[in-house]
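Working notes, beginning with the structure itself.
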Amino acid sequence: MGISRRSALKVMAAATATMVGTALSTHETQAAAVVGPAPDAVGMLYDATRCVGCKACMVACNEANDVTPDTSASDGLWDMPLDLSEHAKNIIKLYRDPGTGAQSFVKRQCMHCLDPACVGACMLGALQKNEKGIVSYNPDYCVGCRYCEMGCPFNVIKFEWSRALPKMVKCELCRHRIAKGQGPACCEVCPVGAVIYGKRSDLLADAHQRLAQNPGRYVPNVYGEHEVGGTQVLYLAHVDFEKLGLPAYSDESVPTRVRTIQGTIYKGFVAPVALYGLLAAMVLRNREKPGSAKAKEGQP
Amino acid sequence: MPLELETTHDPETIGQHLVRCGVSRRKFLELCAALMVAAPFGLALTDKVHAADIARAVAQARRPSVIWLHFQDCTGCTETLLRTSKPDVAELILHVISLDYHETLMAAAGKDAEDALHSAMEQNAGKYVLVVEGSIPRKDQGIYMKLAGKPALQVLDEVSKQAAAIIAIGSCASWGGIPSADPNPTGAVGVDAIIKDKPIVNIPGCPPNPYTLLGTVLQYVTAGTLPELDALKRPKFAYDRDIHDHCPRRAHFDAGRFARSFGDAGHREGWCLFHLGCKGPETHAGCSTRHFNEIPDVWPIGIGAPCFGCTEQPLAFRVPMFQTAKIHEVTPPDTYAPVYTPQGNISPVATGVAGLIGGALVGAGFMASRKLGSADDVKSESKPKQE
Amino acid sequence: MNAQSDRQPLGGPIFTRPVQALAVFAGIAGLLIIWRFIVGLGASTALNDGYPWGLWIAFDVVTGTALSCGGYAVAMLVYILNRGKYHPLIYPALVTSAFGYTIAGLSVVIDIGRPWIAYKLPFFWHWNLHSVLLEVSLCIMTYTVVLWLELSPAFLEGARASTYSVIRRIGDIGLPVAERFLPWLVALGMLLPTMHQSALGSLLLLSGPRLHPLWNTPLLPLLFLLSCIAMGFGAVVMESELSSKFLGRKPETDMLAGLGFAMLPLLGLYLGIRLIDLGVRGQFGALFAFDLYSVMSLIELALFVMAGVLMATDRRRRDAGNLFRAAMLLVLAGALYRFDTFLVAFQPGPNWSYFPSLTEILITTGLVAGEIAGFIVLIKLFPIMEGEPQVAGAGS
């Protein structure tokens, strides 16, 4: 009668146990997958305590990157994006606590993570980290699947919903300007030096120095130093980062878990090939058995 | 005391002329300081730091001969020139230029005036600056404006032949101005539609700010060159910016504080006039930084009247006064997006349809299942088998 | 009547009223698809930057392919557990699966923003091997081809009965070739869904920090795989019972009861793993918090449990109506699990909301309608269903 119910259940239980065991064991190994910054990693340091909300960075970004301003919410009067979008690679938002009156500006743009979710997601590698660690986008290999948008923990990369021939849109740290020896437009135009450009290591040292020299002025954390495995855009603020839209993520980078699971299961592609061999063997063998499908069909 | 104009080409420099006229050096330095202050940004002279430097440059120059023609004009542009006091028009026409023909300001009339024009043209041939005020009618061989019996077209042709340069002052001379408003019955056009072979400077405005003319003349007098011009031949130092970008009321625009009707609370507070039809965002001129009559805030927006774009041919006398302007360079407002803005709209129709389809499918499935059950009770043939 | 198998085309009129009605819906969808490409996704869908994936991904692709796992599920029964008696279910299940995966592929083409770049997908030198979506798309593309190839014996048999000699020859030559390669295709047809149905679950691991803890588990691939097999069986039960009823054929009660029995351990495993996982990760508190997430999870679990209860005894499994309802519950449970994972558990931020637009709904409905119409047309034209005399007086 072929495989008995008991042995079938045994096989299924064993297979399940293996998968569960593999999956759970990845919990322990995920801490090992930490990606460090490239030696030439550049980034930005944004100090919310210095920002005055002039939005010169928004105007400069639109100009430097040829972005059409977002006038949809303002009846054509102002460039008034409500969030990062296809019309805004960079935005200044205002946090105001209705109870205490505490407020802070926050500049949002791509964080240029050290181990980005978007780069891990992209099927054909349209999103890549270059030698300076800048996460760049190449529409020539983008099918517009928006998996990167599903992955980004900061909700940064956006899709051009309004176009029939759309692309993905996000801050690329003005890499076209960096290639010419200039800095990102937002950093160059900021009148108070709230956002500055430099090597990540230098910026990190600067940020820690500010924390050390100004106790009480800042929340004692450089956001981006470790969150989601570290980002190349760092933040200092005087209110909780959570309130500024920067969640308290763990130190694990976003793609680590799926990379570990997929990597374990498909290591060297051994498992699929082995499984195929097993399946093919069983199909071929079972054709000969009585009670099999072939026997029922009466095929030669 | 009637002003006597010299109609001959000046053989002496301005410096020598001033000495001869008995103008003290102190007064001359005052004039130069006033010119320096009046000189608009970007003018050739502003790299000079001291009035003395300007004085040196001016003193060595020669007063150019200027012939000023009026065509289809209201004389507003002359009037605006008369409203300057630092330097005043007398100082201008006595000490800086040699105004050889000006129908409004000259003492002569009739045949004497005509003779003055022709002798000025002959004596300064190839060297005089022709200033044109007013548009030129072209329809019906130009009979709609005649000077001494000759159509304006012909006069312009004759006088411009020997001019070194032409300054078209006012919107009328620059592009046709108010006579050219629909249906333009006289076929009025600006100077540069007719004259193609002379350097032309357009100074549009209705009227333009007199300091734009002064600045242009000054550069010509001291450096012998005309200021840098844009594609419409307007001096960049005055016309490279629009009203909106330099408007004193810009903060109100950015903050969304608008006057909605004349005399309302916002209007009285001096709020932005955008919704009253102000064409500032589409108008290139220097009015927002250099006001008129030398009194601060004496300019249209300053007194609560929306700009109607008098320098711009597509706008002035064409687009309705109270039609809102288009913003070409959109900038952020004074307000901020919150950290989380609710986004994503849910269509009630779609929700309803989804509910209908889902409900219909589940319902149909359930109804089908009941039919299946009853059919089987009747037709069941197979016996239960043990696995 | 075919000498090699009992399968034969159902025959009968093709453009019956139901098929016409379905074709209307499919036609509407076709027009709307053209419109979507003209105006872009922003104007035709309610998708936004908070919810870049919506109905078309969560339903058409993820749920639709799970429903199309009938071929996979029955193949495992027939070819691995060697239950030959279920063989008559294979071909109809394969047709459902083939259409389902084709529709899913079409939905992907409609959903992505730059479909003209898709030709570069086979460029292996550009592959990002870490991308789960790459695995999903390559597997699904390959599996769709495999499904249609697995059906080729039916098409070739049909060709052999053609009035045109050319087509008869194609059938004569092709059929032995197809049957020779069939075992290898069948094995592939079981490997590929194992890979991509679990990968569909892995997809959302990348949204990890933004996935609600009630669903955010590294066991997502396993849970998706188990539920998809269960859904596959459920879909086969529904399809078989409906075909029997509305095409006037004898109901396959024995086999379906057997399928019902096969679903029980799957259900048990799924529920067991789900609950143990929630326990290990300390989420029982969240499960009974009675907020939206808790309520949706509880409904999911309840639907699975109810389906299991309805199939618990042999008597219940032989009651066709009851089995159909149980299968429906199971399918709904699996679909809800997928909707929840992709659209409810996914939290882009407190300010985003999404519900499919009318266009999205109508396109999905039309595609499914087209799929059903295609199924009906195919089983009438080609030897797919086991040959049974028609029950008198029935048939549409």
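The chains in the structure tokens are called A, B, ... from first to last as shown; in each chain the residues are counted from 1, and the ligands are counted from 1 in the order shown.
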Problem set entry | Shell around region 277-287 of chain B at 8 Å using only C-alpha atoms, local window under 2 positions removed, as a ChimeraX atom specification | /B:205,209,238-245,273-275,289-292,299,306-312,315,321-328
For this session: Name all residues at most 12 Å from Gln283 (chain C) (count only C-alpha atoms; drop same-chain ones fewer than 2 positions away) and give them as a PyMOL selection string.
Result: chain C and resi 212-217+274-281+285-289+293-294+297
Same residues, C-alpha atoms, saved as a PDB file, in the first residue's frame:
```pdb
ATOM      1  CA  HIS C 212       3.914  43.309  14.117  1.00  0.00           C
ATOM      2  CA  PRO C 213       5.303  40.764  16.609  1.00  0.00           C
ATOM      3  CA  LEU C 214       2.247  38.521  16.298  1.00  0.00           C
ATOM      4  CA  TRP C 215       3.424  37.651  12.799  1.00  0.00           C
ATOM      5  CA  ASN C 216       7.093  38.518  12.926  1.00  0.00           C
ATOM      6  CA  THR C 217       8.786  35.158  13.345  1.00  0.00           C
ATOM      7  CA  ARG C 274       2.059  28.920  15.313  1.00  0.00           C
ATOM      8  CA  LEU C 275       1.045  28.702  18.940  1.00  0.00           C
ATOM      9  CA  ILE C 276       4.370  27.350  20.199  1.00  0.00           C
ATOM     10  CA  ASP C 277       6.150  30.097  18.294  1.00  0.00           C
ATOM     11  CA  LEU C 278       3.930  32.734  19.853  1.00  0.00           C
ATOM     12  CA  GLY C 279       4.599  31.241  23.254  1.00  0.00           C
ATOM     13  CA  VAL C 280       8.362  31.027  22.833  1.00  0.00           C
ATOM     14  CA  ARG C 281       8.473  34.645  21.701  1.00  0.00           C
ATOM     15  CA  GLY C 285      -0.227  38.766  25.874  1.00  0.00           C
ATOM     16  CA  ALA C 286      -0.390  40.427  22.496  1.00  0.00           C
ATOM     17  CA  LEU C 287      -2.623  37.644  21.213  1.00  0.00           C
ATOM     18  CA  PHE C 288      -5.248  38.478  23.788  1.00  0.00           C
ATOM     19  CA  ALA C 289      -4.838  42.233  23.798  1.00  0.00           C
ATOM     20  CA  TYR C 293      -3.855  42.765  15.542  1.00  0.00           C
ATOM     21  CA  SER C 294      -5.016  40.452  18.268  1.00  0.00           C
ATOM     22  CA  SER C 297      -4.884  36.705  14.667  1.00  0.00           C
TER      23      SER C 297
END
```
For this session: May I ask you to extract the residues of chain A within 6 Å of chain B, using only C-alpha atoms, and to give them as a PyMOL selection string?
Result: chain A and resi 78-80+82+93-95
Pull C-alpha atoms from the residues just selected and write them as a compact mmCIF listing (two decimals), in the first residue's frame.
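Resulting contents of again.txt:
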```txt
# COMPACT_ATOMS: atom_id res chain seq x y z
CA TRP A 78 4.41 76.61 -1.95
CA ASP A 79 6.78 73.70 -2.07
CA MET A 80 5.06 71.94 0.75
CA LEU A 82 4.16 66.49 3.81
CA LYS A 93 9.66 68.32 9.82
CA LEU A 94 8.65 69.86 13.11
CA TYR A 95 7.94 67.94 16.27
```
Per-residue nearest contacts chain C to chain B, cut-off 7 Å, using only C-alpha atoms, as a tab-separated table:
```
residue	atom	partner	partner_atom	distance
C:Asn48	CA	B:Gly344	CA	6.5
C:Lys245	CA	B:Leu372	CA	7.0
C:Asp319	CA	B:Gly373	CA	6.1
C:Ala320	CA	B:Gly373	CA	5.1
C:Gly321	CA	B:Gly373	CA	3.9
C:Asn322	CA	B:Gly373	CA	6.9
C:Phe324	CA	B:Ser369	CA	5.7
C:Arg325	CA	B:Ser369	CA	6.2
C:Asn351	CA	B:Pro342	CA	4.2
C:Trp352	CA	B:Gln343	CA	5.1
C:Ser353	CA	B:Gly344	CA	4.9
C:Tyr354	CA	B:Gly344	CA	5.7
C:Phe355	CA	B:Ile346	CA	5.4
C:Pro356	CA	B:Ala350	CA	6.8
C:Ser357	CA	B:Ala350	CA	5.4
C:Leu358	CA	B:Ala350	CA	4.6
C:Ile361	CA	B:Ala354	CA	6.8
```
Exercise. Just how far from CA of Leu362 (chain C) is CA of Phe375 (chain C), in Å to one decimal?
Worked result: 19.7 Å
Problem set entry | Within 7 Å of chain A: residues of chain C, using only C-alpha atoms, as a PyMOL selection string | chain C and resi 4-5+37-43+49+52+78-85+87+112-115+117-118+126-128+130-134+183-184+187-188+191+202+205-210+218-219
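With CA of Ala148 (chain B) on one side and CA of Lys111 (chain B) on the other, the separation reads 8.9 Å.
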Exercise. Would you give me, as number ranges by chain, the residues in region 43-281 of chain A that DSSP reads as alpha helix (DSSP H)?
Worked result: A: 56-65, 117-121, 147-151, 175-178, 185-189, 200-213, 254-266, 270-281
Exercise. Interatomic distance between CA of Leu203 (chain A) and CA of Asn65 (chain A)?
Worked result: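 Computing it gives 24.2 Å between the two atoms.
For the residues A:Ala88, A:Val239, A:Ala212, A:Cys57, ranking by smallest atom-to-atom distance to Lys170 (chain A) using only C-alpha atoms places A:Ala88 first.
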